[in-house]
2 protein chains.
Amino acid sequence: MRVLYEGKAKVLYEIEGEPDKCLVHFKDTATAFDATKKAQIEGKGVINNTLSSLLFRLLEEKGIRTHFIRQVSDREMLVWRAKRYELEVVVRNITAGSLCKRLGLKEGQKLKRPLVELFYKRDDLHDPLVCKEHVLLLGLASRGEVNSMVAIAKRVNRVLKSFFKDRGLLLVDFKLEFGLLPDGTLAVIDEISPDTCRLWDIKTGEKLDKDRFRFDLGDLMEGYREVLRRLQGG
Amino acid sequence: MRVLYEGKAKVLYEIEGEPDKCLVHFKDTATAFDATKKAQIEGKGVINNTLSSLLFRLLEEKGIRTHFIRQVSDREMLVWRAKRYELEVVVRNITAGSLCKRLGLKEGQKLKRPLVELFYKRDDLHDPLVCKEHVLLLGLASRGEVNSMVAIAKRVNRVLKSFFKDRGLLLVDFKLEFGLLPDGTLAVIDEISPDTCRLWDIKTGEKLDKDRFRFDLGDLMEGYREVLRRLQGG
């Protein structure tokens, strides 16, 4: 199969005779801090494929369009081939990560309302924060498209927050990517996993996401397996 | 006189018996890159006081409220004592400076429409870019106040751009600060000078502003004097 795109954690393959679809392969690579920290973590790809499939199915059930078609194997997901926007859309419920560093805030403070932030997907520029006006200036999306992404991101947040809460997990923040499906629909693409969500145990506050890897807080896979156990058991 | 506030380029003094007013003293200090580059440049304070006074008068004539009352000496300006917002409001007509660095743009490109950017005034955080939602989250201003600042900044841009153009100068970008006057009016405060505006010669493109100091492009005072000459001669 021809590689369409290789990212840090996934490979996208073309499918012969199916120009509207593609195959996502989840790798075991973990990266952080603009890929200056990097490791192979056996089994991560399998868990992230399973969790992403489960969460994309959940969003579809709630009427939110995604690129997901079905999980086809341990590490592979069949998706609609989408035209990706060069944006990362981050939704935050609790202060953490780059928000704290950037604005001098203490981690763990509940936000009055969810904060949606946009980042220009440019590794060489370290994915800078952008406001709506920058998105228009750079031609990354139209005003209508940005507004739709922000609205969809807030809906996704409501669905995921409640779903995680019922399973003892606090959704601190998460990153979404968007694309246009072959039929022209704006849809959530990429993945939704502990690589892209901050998830804390509601009772203990234990971090079960990629921050374990970023800051050496404990075995990454132990956290990811705990998330999987709670989501599949729920 | 008691010092109310000492900044990098100015000192604010209290005036005995006049609690609603204060005196701005323009220093000769030039700083750049978070004050890692610093110099004393004889006469800069005098020019910036004169230019700021002239430009504040211009804005007032056009119906834009500022803190300016009158120039009282070479280095001193009498102003209304304002409650300052911890924000820098930047208006850009042409790509330059931090915008280019942040978003990977080439300097000197004309923007389709003026871009207004907000920065959180926090030296220790290197004045990070913020969007409206961050301003609300940090409690730096209300939504109504931010919208007014952006609208006033665009009006100031129209006035200054045309004024400078008539004098052979291209207004590339500039920074404004805002405050509430004693009567509760939202007004432009601080200064408007080649320290806070990028000004290029319309014909030659020569930089006549603080970039001369930042990037060692030539004698700072020569550029500032040329701006003064054109503004006073016009």
# chains A, B, ... in the order shown; residues from 1 in each chain; ligands from 1
$ interface_residues --of "chain B" --to "chain A" --cutoff "12 Å" --atoms "only C-alpha atoms" --output "ChimeraX atom specification"
/B:91-95,98-105,109-140
$ select_by_dssp --residues "range 90-205 of chain A" --states "alpha helix (DSSP H)" --output "ChimeraX atom specification"
/A:97-103,132-138,143-165
$ write_last_selection --atoms "C-alpha atoms" --output "tab-separated table (two decimals), in the first residue's frame"
chain	number	residue	atom	x	y	z
A	97	GLY	CA	0.13	22.11	30.04
A	98	SER	CA	1.03	24.91	27.65
A	99	LEU	CA	-1.81	27.14	28.88
A	100	CYS	CA	-0.22	27.32	32.35
A	101	LYS	CA	3.24	27.90	30.97
A	102	ARG	CA	2.12	30.55	28.51
A	103	LEU	CA	-0.09	32.58	30.87
A	132	LYS	CA	-9.48	33.58	14.43
A	133	GLU	CA	-8.04	36.58	12.58
A	134	HIS	CA	-4.73	34.77	12.08
A	135	VAL	CA	-6.55	31.75	10.67
A	136	LEU	CA	-8.17	34.00	8.06
A	137	LEU	CA	-4.92	35.85	7.35
A	138	LEU	CA	-3.05	32.57	6.80
A	143	ARG	CA	-14.58	32.34	9.15
A	144	GLY	CA	-17.59	30.00	8.82
A	145	GLU	CA	-15.36	26.93	8.99
A	146	VAL	CA	-13.53	28.16	12.12
A	147	ASN	CA	-16.81	28.98	13.83
A	148	SER	CA	-18.11	25.49	12.98
A	149	MET	CA	-14.93	23.84	14.28
A	150	VAL	CA	-15.20	25.74	17.57
A	151	ALA	CA	-18.90	24.84	17.91
A	152	ILE	CA	-18.25	21.16	17.11
A	153	ALA	CA	-15.29	21.10	19.51
A	154	LYS	CA	-17.55	22.34	22.31
A	155	ARG	CA	-20.14	19.65	21.49
A	156	VAL	CA	-17.42	16.98	21.48
A	157	ASN	CA	-16.31	18.30	24.86
A	158	ARG	CA	-19.80	17.92	26.35
A	159	VAL	CA	-20.09	14.35	25.04
A	160	LEU	CA	-16.61	13.22	26.09
A	161	LYS	CA	-16.61	14.98	29.47
A	162	SER	CA	-19.79	13.27	30.53
A	163	PHE	CA	-18.70	9.89	29.11
A	164	PHE	CA	-15.35	10.02	30.92
A	165	LYS	CA	-16.92	11.30	34.14
$ calpha_fit_and_write --fixed "chain A" --moving "chain B" --output "PDB file with C-alpha atoms, in the first residue's frame"
ATOM      1  CA  MET B   1       0.038   0.028  -0.009  1.00  0.00           C
ATOM      2  CA  ARG B   2       1.208   3.527  -0.818  1.00  0.00           C
ATOM      3  CA  VAL B   3       1.867   5.805   2.151  1.00  0.00           C
ATOM      4  CA  LEU B   4      -0.211   8.977   1.913  1.00  0.00           C
ATOM      5  CA  TYR B   5       1.228  10.577   5.015  1.00  0.00           C
ATOM      6  CA  GLU B   6       3.432   9.515   7.890  1.00  0.00           C
ATOM      7  CA  GLY B   7       3.051  11.373  11.166  1.00  0.00           C
ATOM      8  CA  LYS B   8       4.705  10.921  14.540  1.00  0.00           C
ATOM      9  CA  ALA B   9       2.237   8.335  15.844  1.00  0.00           C
ATOM     10  CA  LYS B  10       0.382   7.114  12.752  1.00  0.00           C
ATOM     11  CA  VAL B  11       0.764   6.214   9.078  1.00  0.00           C
ATOM     12  CA  LEU B  12      -1.991   6.805   6.502  1.00  0.00           C
ATOM     13  CA  TYR B  13      -2.192   4.352   3.616  1.00  0.00           C
ATOM     14  CA  GLU B  14      -4.004   4.680   0.327  1.00  0.00           C
ATOM     15  CA  ILE B  15      -6.407   1.808  -0.518  1.00  0.00           C
ATOM     16  CA  GLU B  16      -6.307   0.596  -4.117  1.00  0.00           C
ATOM     17  CA  GLY B  17      -9.592   1.155  -5.916  1.00  0.00           C
ATOM     18  CA  GLU B  18     -11.029   3.104  -2.953  1.00  0.00           C
ATOM     19  CA  PRO B  19      -9.950   6.717  -3.516  1.00  0.00           C
ATOM     20  CA  ASP B  20     -12.407   8.075  -0.922  1.00  0.00           C
ATOM     21  CA  LYS B  21     -11.109   5.938   1.933  1.00  0.00           C
ATOM     22  CA  CYS B  22      -7.795   5.283   3.624  1.00  0.00           C
ATOM     23  CA  LEU B  23      -6.267   3.126   6.311  1.00  0.00           C
ATOM     24  CA  VAL B  24      -4.813   4.555   9.517  1.00  0.00           C
ATOM     25  CA  HIS B  25      -2.054   2.493  11.100  1.00  0.00           C
ATOM     26  CA  PHE B  26      -1.266   3.299  14.753  1.00  0.00           C
ATOM     27  CA  LYS B  27       2.450   3.070  15.552  1.00  0.00           C
ATOM     28  CA  ASP B  28       4.068   2.451  18.933  1.00  0.00           C
ATOM     29  CA  THR B  29       6.077   5.683  18.787  1.00  0.00           C
ATOM     30  CA  ALA B  30       5.644   8.202  21.607  1.00  0.00           C
ATOM     31  CA  THR B  31       6.957  11.734  21.126  1.00  0.00           C
ATOM     32  CA  ALA B  32       6.828  14.919  23.180  1.00  0.00           C
ATOM     33  CA  PHE B  33       8.232  18.470  23.199  1.00  0.00           C
ATOM     34  CA  ASP B  34       8.376  18.817  19.406  1.00  0.00           C
ATOM     35  CA  ALA B  35       9.659  15.257  19.134  1.00  0.00           C
ATOM     36  CA  THR B  36      12.841  16.066  21.081  1.00  0.00           C
ATOM     37  CA  LYS B  37      11.738  13.299  23.461  1.00  0.00           C
ATOM     38  CA  LYS B  38      10.961  10.055  21.664  1.00  0.00           C
ATOM     39  CA  ALA B  39      10.450   6.384  22.513  1.00  0.00           C
ATOM     40  CA  GLN B  40       8.979   3.121  21.250  1.00  0.00           C
ATOM     41  CA  ILE B  41       6.338   1.852  23.649  1.00  0.00           C
ATOM     42  CA  GLU B  42       5.143  -1.605  22.793  1.00  0.00           C
ATOM     43  CA  GLY B  43       1.395  -1.886  22.516  1.00  0.00           C
ATOM     44  CA  LYS B  44       0.595   1.865  22.570  1.00  0.00           C
ATOM     45  CA  GLY B  45      -0.613   1.777  18.944  1.00  0.00           C
ATOM     46  CA  VAL B  46      -3.021  -1.059  19.680  1.00  0.00           C
ATOM     47  CA  ILE B  47      -4.541   0.738  22.669  1.00  0.00           C
ATOM     48  CA  ASN B  48      -4.829   4.076  20.866  1.00  0.00           C
ATOM     49  CA  ASN B  49      -6.504   2.456  17.863  1.00  0.00           C
ATOM     50  CA  THR B  50      -8.993   0.709  20.133  1.00  0.00           C
ATOM     51  CA  LEU B  51      -9.699   3.815  22.217  1.00  0.00           C
ATOM     52  CA  SER B  52      -9.977   6.100  19.170  1.00  0.00           C
ATOM     53  CA  SER B  53     -12.353   3.664  17.477  1.00  0.00           C
ATOM     54  CA  LEU B  54     -14.488   3.495  20.608  1.00  0.00           C
ATOM     55  CA  LEU B  55     -14.587   7.295  20.997  1.00  0.00           C
ATOM     56  CA  PHE B  56     -15.230   8.020  17.303  1.00  0.00           C
ATOM     57  CA  ARG B  57     -18.139   5.531  17.484  1.00  0.00           C
ATOM     58  CA  LEU B  58     -19.461   7.387  20.525  1.00  0.00           C
ATOM     59  CA  LEU B  59     -19.301  10.742  18.719  1.00  0.00           C
ATOM     60  CA  GLU B  60     -21.046   9.306  15.643  1.00  0.00           C
ATOM     61  CA  GLU B  61     -23.810   7.942  17.906  1.00  0.00           C
ATOM     62  CA  LYS B  62     -24.254  11.465  19.263  1.00  0.00           C
ATOM     63  CA  GLY B  63     -24.597  12.873  15.756  1.00  0.00           C
ATOM     64  CA  ILE B  64     -21.088  14.323  15.434  1.00  0.00           C
ATOM     65  CA  ARG B  65     -19.473  13.521  12.084  1.00  0.00           C
ATOM     66  CA  THR B  66     -16.011  11.956  12.151  1.00  0.00           C
ATOM     67  CA  HIS B  67     -13.810  10.301   9.540  1.00  0.00           C
ATOM     68  CA  PHE B  68     -14.257   6.914  11.247  1.00  0.00           C
ATOM     69  CA  ILE B  69     -15.714   3.986   9.259  1.00  0.00           C
ATOM     70  CA  ARG B  70     -14.599   0.943  11.291  1.00  0.00           C
ATOM     71  CA  GLN B  71     -11.734  -0.664  13.170  1.00  0.00           C
ATOM     72  CA  VAL B  72     -10.271  -3.290  10.851  1.00  0.00           C
ATOM     73  CA  SER B  73      -7.497  -4.763  12.999  1.00  0.00           C
ATOM     74  CA  ASP B  74      -5.503  -4.264  16.217  1.00  0.00           C
ATOM     75  CA  ARG B  75      -3.559  -1.364  14.776  1.00  0.00           C
ATOM     76  CA  GLU B  76      -5.715  -0.280  11.860  1.00  0.00           C
ATOM     77  CA  MET B  77      -8.763   1.846  11.367  1.00  0.00           C
ATOM     78  CA  LEU B  78     -10.639   2.439   8.102  1.00  0.00           C
ATOM     79  CA  VAL B  79     -11.539   6.105   7.647  1.00  0.00           C
ATOM     80  CA  TRP B  80     -12.855   8.488   5.028  1.00  0.00           C
ATOM     81  CA  ARG B  81     -10.071  10.275   3.237  1.00  0.00           C
ATOM     82  CA  ALA B  82     -10.320  13.879   4.391  1.00  0.00           C
ATOM     83  CA  LYS B  83      -8.818  17.186   3.343  1.00  0.00           C
ATOM     84  CA  ARG B  84      -7.107  18.205   6.585  1.00  0.00           C
ATOM     85  CA  TYR B  85      -7.064  21.745   8.015  1.00  0.00           C
ATOM     86  CA  GLU B  86      -3.623  22.795   9.257  1.00  0.00           C
ATOM     87  CA  LEU B  87      -5.062  23.550  12.676  1.00  0.00           C
ATOM     88  CA  GLU B  88      -5.177  21.948  16.094  1.00  0.00           C
ATOM     89  CA  VAL B  89      -8.295  22.767  18.070  1.00  0.00           C
ATOM     90  CA  VAL B  90      -7.746  22.412  21.812  1.00  0.00           C
ATOM     91  CA  VAL B  91     -10.583  22.418  24.347  1.00  0.00           C
ATOM     92  CA  ARG B  92      -9.716  22.954  27.999  1.00  0.00           C
ATOM     93  CA  ASN B  93     -11.841  22.372  31.104  1.00  0.00           C
ATOM     94  CA  ILE B  94      -9.037  22.543  33.677  1.00  0.00           C
ATOM     95  CA  THR B  95      -5.779  24.515  33.462  1.00  0.00           C
ATOM     96  CA  ALA B  96      -2.773  22.382  32.453  1.00  0.00           C
ATOM     97  CA  GLY B  97       0.132  22.105  30.042  1.00  0.00           C
ATOM     98  CA  SER B  98       1.030  24.918  27.643  1.00  0.00           C
ATOM     99  CA  LEU B  99      -1.809  27.149  28.884  1.00  0.00           C
ATOM    100  CA  CYS B 100      -0.227  27.316  32.354  1.00  0.00           C
ATOM    101  CA  LYS B 101       3.251  27.889  30.979  1.00  0.00           C
ATOM    102  CA  ARG B 102       2.118  30.552  28.517  1.00  0.00           C
ATOM    103  CA  LEU B 103      -0.087  32.572  30.867  1.00  0.00           C
ATOM    104  CA  GLY B 104       1.556  31.878  34.216  1.00  0.00           C
ATOM    105  CA  LEU B 105      -1.406  29.922  35.627  1.00  0.00           C
ATOM    106  CA  LYS B 106      -1.374  27.194  38.262  1.00  0.00           C
ATOM    107  CA  GLU B 107      -2.239  23.706  37.033  1.00  0.00           C
ATOM    108  CA  GLY B 108      -5.548  22.131  38.023  1.00  0.00           C
ATOM    109  CA  GLN B 109      -7.819  25.183  38.186  1.00  0.00           C
ATOM    110  CA  LYS B 110     -11.338  24.610  36.888  1.00  0.00           C
ATOM    111  CA  LEU B 111     -12.226  27.055  34.119  1.00  0.00           C
ATOM    112  CA  LYS B 112     -15.567  28.872  34.398  1.00  0.00           C
ATOM    113  CA  ARG B 113     -16.403  27.747  30.869  1.00  0.00           C
ATOM    114  CA  PRO B 114     -14.518  25.553  28.377  1.00  0.00           C
ATOM    115  CA  LEU B 115     -11.733  27.421  26.602  1.00  0.00           C
ATOM    116  CA  VAL B 116     -11.185  26.683  22.912  1.00  0.00           C
ATOM    117  CA  GLU B 117      -7.725  27.463  21.531  1.00  0.00           C
ATOM    118  CA  LEU B 118      -6.466  27.223  17.951  1.00  0.00           C
ATOM    119  CA  PHE B 119      -2.910  26.289  16.997  1.00  0.00           C
ATOM    120  CA  TYR B 120      -1.293  26.509  13.585  1.00  0.00           C
ATOM    121  CA  LYS B 121      -0.020  22.978  12.770  1.00  0.00           C
ATOM    122  CA  ARG B 122       3.565  23.815  11.870  1.00  0.00           C
ATOM    123  CA  ASP B 123       6.269  21.742  13.561  1.00  0.00           C
ATOM    124  CA  ASP B 124       8.994  24.126  12.376  1.00  0.00           C
ATOM    125  CA  LEU B 125       7.227  27.003  14.193  1.00  0.00           C
ATOM    126  CA  HIS B 126       6.366  24.844  17.247  1.00  0.00           C
ATOM    127  CA  ASP B 127       2.610  24.969  16.521  1.00  0.00           C
ATOM    128  CA  PRO B 128       1.979  28.596  17.527  1.00  0.00           C
ATOM    129  CA  LEU B 129      -1.265  29.787  19.106  1.00  0.00           C
ATOM    130  CA  VAL B 130      -3.463  31.640  16.628  1.00  0.00           C
ATOM    131  CA  CYS B 131      -6.654  33.656  17.001  1.00  0.00           C
ATOM    132  CA  LYS B 132      -9.467  33.592  14.438  1.00  0.00           C
ATOM    133  CA  GLU B 133      -8.013  36.580  12.597  1.00  0.00           C
ATOM    134  CA  HIS B 134      -4.703  34.748  12.085  1.00  0.00           C
ATOM    135  CA  VAL B 135      -6.540  31.738  10.662  1.00  0.00           C
ATOM    136  CA  LEU B 136      -8.158  33.984   8.061  1.00  0.00           C
ATOM    137  CA  LEU B 137      -4.900  35.837   7.349  1.00  0.00           C
ATOM    138  CA  LEU B 138      -3.045  32.560   6.794  1.00  0.00           C
ATOM    139  CA  GLY B 139      -5.942  31.180   4.729  1.00  0.00           C
ATOM    140  CA  LEU B 140      -6.135  28.090   6.952  1.00  0.00           C
ATOM    141  CA  ALA B 141      -9.948  28.116   6.986  1.00  0.00           C
ATOM    142  CA  SER B 142     -12.837  30.493   6.353  1.00  0.00           C
ATOM    143  CA  ARG B 143     -14.585  32.347   9.182  1.00  0.00           C
ATOM    144  CA  GLY B 144     -17.579  30.011   8.821  1.00  0.00           C
ATOM    145  CA  GLU B 145     -15.356  26.943   8.990  1.00  0.00           C
ATOM    146  CA  VAL B 146     -13.532  28.162  12.126  1.00  0.00           C
ATOM    147  CA  ASN B 147     -16.813  28.981  13.827  1.00  0.00           C
ATOM    148  CA  SER B 148     -18.107  25.500  12.982  1.00  0.00           C
ATOM    149  CA  MET B 149     -14.928  23.837  14.279  1.00  0.00           C
ATOM    150  CA  VAL B 150     -15.200  25.739  17.564  1.00  0.00           C
ATOM    151  CA  ALA B 151     -18.897  24.843  17.910  1.00  0.00           C
ATOM    152  CA  ILE B 152     -18.260  21.154  17.112  1.00  0.00           C
ATOM    153  CA  ALA B 153     -15.288  21.090  19.505  1.00  0.00           C
ATOM    154  CA  LYS B 154     -17.556  22.342  22.318  1.00  0.00           C
ATOM    155  CA  ARG B 155     -20.139  19.650  21.492  1.00  0.00           C
ATOM    156  CA  VAL B 156     -17.424  16.976  21.474  1.00  0.00           C
ATOM    157  CA  ASN B 157     -16.319  18.284  24.867  1.00  0.00           C
ATOM    158  CA  ARG B 158     -19.804  17.915  26.341  1.00  0.00           C
ATOM    159  CA  VAL B 159     -20.093  14.339  25.041  1.00  0.00           C
ATOM    160  CA  LEU B 160     -16.608  13.212  26.090  1.00  0.00           C
ATOM    161  CA  LYS B 161     -16.605  14.987  29.464  1.00  0.00           C
ATOM    162  CA  SER B 162     -19.792  13.270  30.534  1.00  0.00           C
ATOM    163  CA  PHE B 163     -18.707   9.880  29.103  1.00  0.00           C
ATOM    164  CA  PHE B 164     -15.356  10.017  30.923  1.00  0.00           C
ATOM    165  CA  LYS B 165     -16.916  11.295  34.150  1.00  0.00           C
ATOM    166  CA  ASP B 166     -19.245   8.280  34.285  1.00  0.00           C
ATOM    167  CA  ARG B 167     -16.102   6.166  34.156  1.00  0.00           C
ATOM    168  CA  GLY B 168     -14.250   7.992  36.933  1.00  0.00           C
ATOM    169  CA  LEU B 169     -12.082  10.098  34.621  1.00  0.00           C
ATOM    170  CA  LEU B 170     -11.676  13.868  34.507  1.00  0.00           C
ATOM    171  CA  LEU B 171     -11.323  15.259  30.973  1.00  0.00           C
ATOM    172  CA  VAL B 172      -8.821  18.071  31.599  1.00  0.00           C
ATOM    173  CA  ASP B 173      -8.258  19.047  27.955  1.00  0.00           C
ATOM    174  CA  PHE B 174      -7.977  17.502  24.511  1.00  0.00           C
ATOM    175  CA  LYS B 175      -6.876  18.254  20.966  1.00  0.00           C
ATOM    176  CA  LEU B 176      -8.991  17.749  17.868  1.00  0.00           C
ATOM    177  CA  GLU B 177      -8.156  17.941  14.199  1.00  0.00           C
ATOM    178  CA  PHE B 178     -10.679  18.616  11.486  1.00  0.00           C
ATOM    179  CA  GLY B 179     -11.029  17.811   7.813  1.00  0.00           C
ATOM    180  CA  LEU B 180     -13.507  17.850   4.956  1.00  0.00           C
ATOM    181  CA  LEU B 181     -14.891  14.413   4.078  1.00  0.00           C
ATOM    182  CA  PRO B 182     -15.311  13.392   0.408  1.00  0.00           C
ATOM    183  CA  ASP B 183     -18.979  14.519   0.605  1.00  0.00           C
ATOM    184  CA  GLY B 184     -17.872  17.983   1.786  1.00  0.00           C
ATOM    185  CA  THR B 185     -18.855  17.553   5.441  1.00  0.00           C
ATOM    186  CA  LEU B 186     -16.691  19.109   8.136  1.00  0.00           C
ATOM    187  CA  ALA B 187     -15.676  16.233  10.414  1.00  0.00           C
ATOM    188  CA  VAL B 188     -13.447  15.334  13.360  1.00  0.00           C
ATOM    189  CA  ILE B 189     -10.436  13.397  12.044  1.00  0.00           C
ATOM    190  CA  ASP B 190      -7.070  12.123  13.358  1.00  0.00           C
ATOM    191  CA  GLU B 191      -7.388  10.307  16.714  1.00  0.00           C
ATOM    192  CA  ILE B 192      -8.876  10.709  20.190  1.00  0.00           C
ATOM    193  CA  SER B 193      -6.734   8.886  22.752  1.00  0.00           C
ATOM    194  CA  PRO B 194      -4.616   9.472  25.865  1.00  0.00           C
ATOM    195  CA  ASP B 195      -2.025  10.856  23.415  1.00  0.00           C
ATOM    196  CA  THR B 196      -4.415  13.731  22.616  1.00  0.00           C
ATOM    197  CA  CYS B 197      -6.507  14.005  25.828  1.00  0.00           C
ATOM    198  CA  ARG B 198      -5.405  14.820  29.368  1.00  0.00           C
ATOM    199  CA  LEU B 199      -7.254  12.392  31.626  1.00  0.00           C
ATOM    200  CA  TRP B 200      -6.985  12.392  35.409  1.00  0.00           C
ATOM    201  CA  ASP B 201      -8.484   9.941  37.857  1.00  0.00           C
ATOM    202  CA  ILE B 202     -11.447  11.813  39.368  1.00  0.00           C
ATOM    203  CA  LYS B 203     -10.689  10.697  42.941  1.00  0.00           C
ATOM    204  CA  THR B 204      -6.897  10.560  43.168  1.00  0.00           C
ATOM    205  CA  GLY B 205      -5.979  13.065  40.429  1.00  0.00           C
ATOM    206  CA  GLU B 206      -3.537  10.512  39.009  1.00  0.00           C
ATOM    207  CA  LYS B 207      -2.523  11.355  35.447  1.00  0.00           C
ATOM    208  CA  LEU B 208      -3.367   8.548  33.044  1.00  0.00           C
ATOM    209  CA  ASP B 209      -2.356  10.267  29.784  1.00  0.00           C
ATOM    210  CA  LYS B 210       0.743  11.224  27.779  1.00  0.00           C
ATOM    211  CA  ASP B 211       1.954  13.517  30.580  1.00  0.00           C
ATOM    212  CA  ARG B 212       3.227  10.253  32.172  1.00  0.00           C
ATOM    213  CA  PHE B 213       5.660  10.075  29.255  1.00  0.00           C
ATOM    214  CA  ARG B 214       6.337  13.828  28.986  1.00  0.00           C
ATOM    215  CA  PHE B 215       7.264  14.211  32.653  1.00  0.00           C
ATOM    216  CA  ASP B 216       8.272  10.641  33.571  1.00  0.00           C
ATOM    217  CA  LEU B 217       5.372  10.267  35.989  1.00  0.00           C
ATOM    218  CA  GLY B 218       5.156   6.504  35.681  1.00  0.00           C
ATOM    219  CA  ASP B 219       4.685   3.715  33.202  1.00  0.00           C
ATOM    220  CA  LEU B 220       2.785   5.054  30.185  1.00  0.00           C
ATOM    221  CA  MET B 221       1.109   1.766  29.304  1.00  0.00           C
ATOM    222  CA  GLU B 222      -0.200   1.299  32.837  1.00  0.00           C
ATOM    223  CA  GLY B 223      -2.098   4.578  32.511  1.00  0.00           C
ATOM    224  CA  TYR B 224      -3.360   3.848  29.003  1.00  0.00           C
ATOM    225  CA  ARG B 225      -4.471   0.331  29.994  1.00  0.00           C
ATOM    226  CA  GLU B 226      -6.365   1.759  32.957  1.00  0.00           C
ATOM    227  CA  VAL B 227      -8.204   4.169  30.605  1.00  0.00           C
ATOM    228  CA  LEU B 228      -9.027   1.286  28.251  1.00  0.00           C
ATOM    229  CA  ARG B 229     -10.232  -0.866  31.131  1.00  0.00           C
ATOM    230  CA  ARG B 230     -12.581   1.859  32.387  1.00  0.00           C
ATOM    231  CA  LEU B 231     -13.916   2.709  28.932  1.00  0.00           C
ATOM    232  CA  GLN B 232     -14.531  -0.864  27.903  1.00  0.00           C
ATOM    233  CA  GLY B 233     -15.924  -1.833  31.295  1.00  0.00           C
ATOM    234  CA  GLY B 234     -18.355   1.099  31.392  1.00  0.00           C
TER     235      GLY B 234
END
$ select_by_dssp --residues "range 155-195 of chain B" --states "strand (DSSP E or B)" --output "list in words"
Leu169, Leu170, Leu171, Val172, Asp173, Phe174, Lys175, Leu176, Glu177, Phe178, Gly179, Leu180, Leu186, Ala187, Val188 and Ile189 of chain B
